[in-house]
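structure.cif, holding mmCIF, C-alpha atoms:
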data_data
loop_
_atom_site.group_PDB
_atom_site.id
_atom_site.type_symbol
_atom_site.label_atom_id
_atom_site.label_comp_id
_atom_site.auth_asym_id
_atom_site.auth_seq_id
_atom_site.Cartn_x
_atom_site.Cartn_y
_atom_site.Cartn_z
ATOM 1 C CA MET A 62 -9.993 13.994 -2.508
ATOM 2 C CA GLY A 63 -7.543 16.323 -4.199
ATOM 3 C CA ILE A 64 -7.308 17.915 -7.634
ATOM 4 C CA ILE A 65 -4.369 19.637 -9.306
ATOM 5 C CA SER A 66 -5.235 21.517 -12.468
ATOM 6 C CA LEU A 67 -2.484 22.708 -14.798
ATOM 7 C CA PRO A 68 -4.442 24.416 -17.583
ATOM 8 C CA ALA A 69 -1.349 25.646 -19.450
ATOM 9 C CA LEU A 70 -0.290 22.009 -19.838
ATOM 10 C CA GLY A 71 -3.809 20.730 -20.456
ATOM 11 C CA GLU A 72 -3.530 18.398 -17.453
ATOM 12 C CA THR A 73 -5.752 17.679 -14.501
ATOM 13 C CA ALA A 74 -4.692 15.189 -11.863
ATOM 14 C CA TRP A 75 -6.973 13.853 -9.174
ATOM 15 C CA ALA A 76 -6.899 11.470 -6.242
ATOM 16 C CA VAL A 77 -9.549 9.957 -4.016
ATOM 17 C CA LYS A 78 -8.698 8.239 -0.746
ATOM 18 C CA GLY A 79 -8.619 4.502 -1.346
ATOM 19 C CA LYS A 80 -9.225 4.877 -5.103
ATOM 20 C CA GLY A 81 -5.767 5.895 -6.382
ATOM 21 C CA ALA A 82 -4.313 8.938 -8.108
ATOM 22 C CA TYR A 83 -4.634 9.681 -11.820
ATOM 23 C CA CYS A 84 -3.698 12.224 -14.443
ATOM 24 C CA GLY A 85 -6.231 11.791 -17.201
ATOM 25 C CA LYS A 86 -6.574 8.011 -17.489
ATOM 26 C CA SER A 87 -2.995 7.269 -16.358
ATOM 27 C CA LYS A 88 -2.523 5.981 -12.842
ATOM 28 C CA LEU A 89 0.150 7.852 -10.885
ATOM 29 C CA LYS A 90 2.966 6.049 -9.066
ATOM 30 C CA VAL A 91 5.959 7.523 -7.233
ATOM 31 C CA SER A 92 9.472 6.489 -8.213
ATOM 32 C CA SER A 93 11.286 3.572 -6.640
ATOM 33 C CA GLN A 94 14.711 5.256 -6.494
ATOM 34 C CA LYS A 95 16.409 4.605 -3.139
ATOM 35 C CA ASN A 96 19.684 6.491 -3.557
ATOM 36 C CA LEU A 97 19.820 10.251 -3.240
ATOM 37 C CA SER A 98 22.999 10.234 -5.322
ATOM 38 C CA LYS A 99 20.944 8.884 -8.249
ATOM 39 C CA ALA A 100 17.805 10.903 -7.581
ATOM 40 C CA VAL A 101 16.173 13.785 -9.382
ATOM 41 C CA VAL A 102 15.112 16.262 -6.708
ATOM 42 C CA ALA A 103 12.577 19.025 -7.279
ATOM 43 C CA THR A 104 12.652 22.024 -4.969
ATOM 44 C CA GLY A 105 10.959 25.293 -4.343
ATOM 45 C CA ASP A 106 13.054 28.301 -5.286
ATOM 46 C CA ILE A 107 16.115 29.466 -3.358
ATOM 47 C CA TYR A 108 14.223 32.510 -2.046
ATOM 48 C CA CYS A 109 11.852 30.253 -0.117
ATOM 49 C CA PHE A 110 14.766 28.331 1.385
ATOM 50 C CA ARG A 111 16.414 31.639 2.392
ATOM 51 C CA SER A 112 13.247 33.034 3.952
ATOM 52 C CA GLN A 113 12.857 29.867 6.024
ATOM 53 C CA GLU A 114 16.547 29.862 6.986
ATOM 54 C CA CYS A 115 17.222 26.458 5.468
ATOM 55 C CA THR A 116 19.592 27.386 2.651
ATOM 56 C CA PRO A 117 22.071 24.697 3.842
ATOM 57 C CA LEU A 118 19.478 22.054 2.955
ATOM 58 C CA PHE A 119 19.126 23.516 -0.550
ATOM 59 C CA ASP A 120 22.918 23.495 -0.959
ATOM 60 C CA THR A 121 23.271 19.944 0.334
ATOM 61 C CA LEU A 122 20.560 18.663 -1.988
ATOM 62 C CA GLY A 123 22.410 20.266 -4.896
ATOM 63 C CA GLU A 124 25.620 18.521 -3.876
ATOM 64 C CA GLU A 125 24.214 15.072 -3.066
ATOM 65 C CA ALA A 126 21.460 14.531 -5.649
ATOM 66 C CA ALA A 127 22.136 13.472 -9.216
ATOM 67 C CA LEU A 128 20.083 16.421 -10.439
ATOM 68 C CA THR A 129 18.056 19.201 -8.820
ATOM 69 C CA ARG A 130 15.416 21.291 -10.550
ATOM 70 C CA ILE A 131 13.162 24.077 -9.331
ATOM 71 C CA TYR A 132 9.508 23.221 -9.921
ATOM 72 C CA PRO A 133 7.211 25.522 -7.975
ATOM 73 C CA ASP A 134 4.180 24.537 -6.001
ATOM 74 C CA ALA A 135 1.662 22.014 -7.314
ATOM 75 C CA PHE A 136 3.662 21.255 -10.461
ATOM 76 C CA GLY A 137 6.632 19.927 -8.465
ATOM 77 C CA HIS A 138 4.390 17.904 -6.188
ATOM 78 C CA LEU A 139 2.600 16.376 -9.161
ATOM 79 C CA MET A 140 5.967 15.530 -10.745
ATOM 80 C CA ALA A 141 6.830 13.589 -7.565
ATOM 81 C CA ALA A 142 3.440 11.842 -7.468
ATOM 82 C CA ARG A 143 3.841 10.681 -11.080
ATOM 83 C CA GLY A 144 7.440 9.543 -10.533
ATOM 84 C CA ALA A 145 8.917 12.069 -12.993
ATOM 85 C CA VAL A 146 11.088 13.312 -10.105
ATOM 86 C CA ASP A 147 11.986 11.231 -7.081
ATOM 87 C CA VAL A 148 11.207 13.749 -4.353
ATOM 88 C CA MET A 149 9.904 17.327 -4.021
ATOM 89 C CA VAL A 150 11.289 19.535 -1.251
ATOM 90 C CA ASP A 151 9.101 22.569 -0.561
ATOM 91 C CA PRO A 152 10.204 24.849 2.300
ATOM 92 C CA LEU A 153 7.308 27.292 2.138
ATOM 93 C CA ALA A 154 3.687 26.951 1.106
ATOM 94 C CA TYR A 155 0.210 27.232 2.547
ATOM 95 C CA ILE A 156 -2.541 24.775 3.400
ATOM 96 C CA TRP A 157 -4.336 25.423 0.096
ATOM 97 C CA ASP A 158 -1.128 24.597 -1.774
ATOM 98 C CA PHE A 159 -0.554 21.319 0.070
ATOM 99 C CA ALA A 160 -4.149 20.070 0.436
ATOM 100 C CA PRO A 161 -4.362 18.245 -2.922
ATOM 101 C CA CYS A 162 -0.684 17.205 -2.841
ATOM 102 C CA LYS A 163 -0.862 15.080 0.293
ATOM 103 C CA ILE A 164 -3.626 12.764 -0.884
ATOM 104 C CA MET A 165 -2.211 12.760 -4.429
ATOM 105 C CA VAL A 166 1.198 11.446 -3.375
ATOM 106 C CA GLU A 167 -0.172 9.030 -0.767
ATOM 107 C CA GLU A 168 -2.557 7.482 -3.308
ATOM 108 C CA ALA A 169 0.399 7.204 -5.713
ATOM 109 C CA GLY A 170 2.280 5.113 -3.122
ATOM 110 C CA GLY A 171 4.375 7.931 -1.710
ATOM 111 C CA LYS A 172 4.802 9.890 1.464
ATOM 112 C CA PHE A 173 4.023 13.465 2.539
ATOM 113 C CA ALA A 174 6.088 14.635 5.513
ATOM 114 C CA ASN A 175 7.000 17.939 7.090
ATOM 115 C CA PHE A 176 10.618 19.014 7.540
ATOM 116 C CA SER A 177 10.553 18.288 11.267
ATOM 117 C CA GLY A 178 8.294 15.699 12.773
ATOM 118 C CA ASN A 179 6.657 12.946 10.769
ATOM 119 C CA GLN A 180 3.024 13.914 11.097
ATOM 120 C CA GLY A 181 2.698 15.054 7.491
ATOM 121 C CA SER A 182 0.400 17.979 8.198
ATOM 122 C CA ILE A 183 -0.794 20.150 5.327
ATOM 123 C CA ARG A 184 -0.711 22.988 7.874
ATOM 124 C CA GLY A 185 3.031 22.592 8.535
ATOM 125 C CA GLY A 186 4.148 25.255 6.074
ATOM 126 C CA ASN A 187 6.680 22.954 4.416
ATOM 127 C CA ALA A 188 6.759 19.480 2.911
ATOM 128 C CA ILE A 189 8.899 16.712 1.514
ATOM 129 C CA VAL A 190 6.872 14.658 -0.959
ATOM 130 C CA GLY A 191 7.460 11.572 -3.069
ATOM 131 C CA ASN A 192 9.299 8.295 -2.813
ATOM 132 C CA PRO A 193 9.114 7.220 0.872
ATOM 133 C CA ASN A 194 12.809 6.250 1.051
ATOM 134 C CA LEU A 195 13.968 9.610 -0.213
ATOM 135 C CA VAL A 196 11.471 11.575 1.861
ATOM 136 C CA GLN A 197 13.033 9.988 4.932
ATOM 137 C CA LYS A 198 16.589 10.700 3.717
ATOM 138 C CA VAL A 199 15.816 14.366 3.047
ATOM 139 C CA ARG A 200 14.192 14.697 6.480
ATOM 140 C CA LYS A 201 17.387 13.350 8.040
ATOM 141 C CA LEU A 202 19.412 15.924 6.101
ATOM 142 C CA TYR A 203 17.166 18.687 7.448
ATOM 143 C CA LYS A 204 17.326 17.380 11.006
ATOM 144 C CA GLY A 205 21.108 17.476 10.700
ATOM 145 C CA GLY A 206 20.831 21.092 9.535
ATOM 146 C CA ASP A 207 23.068 22.434 12.289
ATOM 147 C CA LYS A 208 25.846 20.279 10.905
ATOM 148 C CA LEU A 209 25.199 21.642 7.378
ATOM 149 C CA LYS A 210 25.730 25.306 8.345
#
Show the structure stored in the file as structure tokens.
Amino acid sequence: MGIISLPALGETAWAVKGKGAYCGKSKLKVSSQKNLSKAVVATGDIYCFRSQECTPLFDTLGEEAALTRIYPDAFGHLMAARGAVDVMVDPLAYIWDFAPCKIMVEEAGGKFANFSGNQGSIRGGNAIVGNPNLVQKVRKLYKGGDKLK
């Protein structure tokens, strides 16, 4: 189970394995967008990308996506789980940040993956969350990071 509480917005989202993901009484569902060129991409801030030495990924997302917006931490992940953005790219966070996000997006029909590898660990320190097609495309961009530099 996972819970994201956003008291300033008056919202609480929750998910239970096998029972779905909800915000209030509304069921959450990730977007169905398949093209990065038409996607809205949420990211952590540029400072996180710099500290993790993956600024080229941030730059490439800005060039290839229809729109990029910085939505920190749980808010960005919830936006991806509800389909308000197509994918959230978070280069730096901790297990307590990711714990509710993984189950939330999976119960909303999405995917939680780490930048490298496909295990989707909440202990990985980074995550790509949301529409499964776009999660995979962003992972490929990261894996090609040497070419981006």
Apply the PyMOL selection byres ((chain A and resi 100) around 12) to the structure shown and report the selected residues as a short mmCIF file (atom, residue, chain, number, x, y, z; two decimals) with C-alpha atoms, in the coordinates of the input.
data_model
loop_
_atom_site.label_atom_id
_atom_site.label_comp_id
_atom_site.auth_asym_id
_atom_site.auth_seq_id
_atom_site.Cartn_x
_atom_site.Cartn_y
_atom_site.Cartn_z
CA SER A 92 9.47 6.49 -8.21
CA SER A 93 11.29 3.57 -6.64
CA GLN A 94 14.71 5.26 -6.49
CA LYS A 95 16.41 4.61 -3.14
CA ASN A 96 19.68 6.49 -3.56
CA LEU A 97 19.82 10.25 -3.24
CA SER A 98 23.00 10.23 -5.32
CA LYS A 99 20.94 8.88 -8.25
CA VAL A 101 16.17 13.78 -9.38
CA VAL A 102 15.11 16.26 -6.71
CA ALA A 103 12.58 19.02 -7.28
CA LEU A 122 20.56 18.66 -1.99
CA GLY A 123 22.41 20.27 -4.90
CA GLU A 124 25.62 18.52 -3.88
CA GLU A 125 24.21 15.07 -3.07
CA ALA A 126 21.46 14.53 -5.65
CA ALA A 127 22.14 13.47 -9.22
CA LEU A 128 20.08 16.42 -10.44
CA THR A 129 18.06 19.20 -8.82
CA ARG A 130 15.42 21.29 -10.55
CA ALA A 141 6.83 13.59 -7.56
CA GLY A 144 7.44 9.54 -10.53
CA ALA A 145 8.92 12.07 -12.99
CA VAL A 146 11.09 13.31 -10.10
CA ASP A 147 11.99 11.23 -7.08
CA VAL A 148 11.21 13.75 -4.35
CA MET A 149 9.90 17.33 -4.02
CA GLY A 191 7.46 11.57 -3.07
CA ASN A 192 9.30 8.30 -2.81
CA ASN A 194 12.81 6.25 1.05
CA LEU A 195 13.97 9.61 -0.21
CA VAL A 196 11.47 11.58 1.86
CA LYS A 198 16.59 10.70 3.72
CA VAL A 199 15.82 14.37 3.05
#
So for stretch 134-145 of chain A, what box centre and size do we get, axis-aligned, 8 Å extra on each of the six sides, every listed atom, Å to one decimal, as AutoDock Vina command-line options?
--center_x 5.3 --center_y 17.0 --center_z -9.5 --size_x 23.3 --size_y 31.0 --size_z 23.0
9 Å contact set for A:Leu67, all atoms listed in the file, chain neighbours under 6 positions out, as a list in words: Thr73, Ala74, Ala135 and Phe136 of chain A
Polymer residues at most 12 Å from (-8.9, 10.5, -20.0) by all atoms listed in the file, as a ChimeraX atom specification: /A:71-75,83-88
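Taking all atoms listed in the file, the non-local environment of A:Asn187 within 7 Å (same-chain residues fewer than 5 positions away omitted) comprises Asp151, Pro152, Leu153, Ala154, Asn175 and Phe176 of chain A.
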List as a short mmCIF file (atom, residue, chain, number, x, y, z; two decimals) with C-alpha atoms, in the frame of the given file the protein and nucleic acid residues near A:Arg184, meaning an atom at most 10 Å away when only C-alpha atoms are counted, but skip any in the same chain fewer than 3 places from it.
data_model
loop_
_atom_site.label_atom_id
_atom_site.label_comp_id
_atom_site.auth_asym_id
_atom_site.auth_seq_id
_atom_site.Cartn_x
_atom_site.Cartn_y
_atom_site.Cartn_z
CA ALA A 154 3.69 26.95 1.11
CA TYR A 155 0.21 27.23 2.55
CA ILE A 156 -2.54 24.78 3.40
CA TRP A 157 -4.34 25.42 0.10
CA ASP A 158 -1.13 24.60 -1.77
CA PHE A 159 -0.55 21.32 0.07
CA ALA A 160 -4.15 20.07 0.44
CA ASN A 175 7.00 17.94 7.09
CA GLY A 181 2.70 15.05 7.49
CA ASN A 187 6.68 22.95 4.42
CA ALA A 188 6.76 19.48 2.91
#
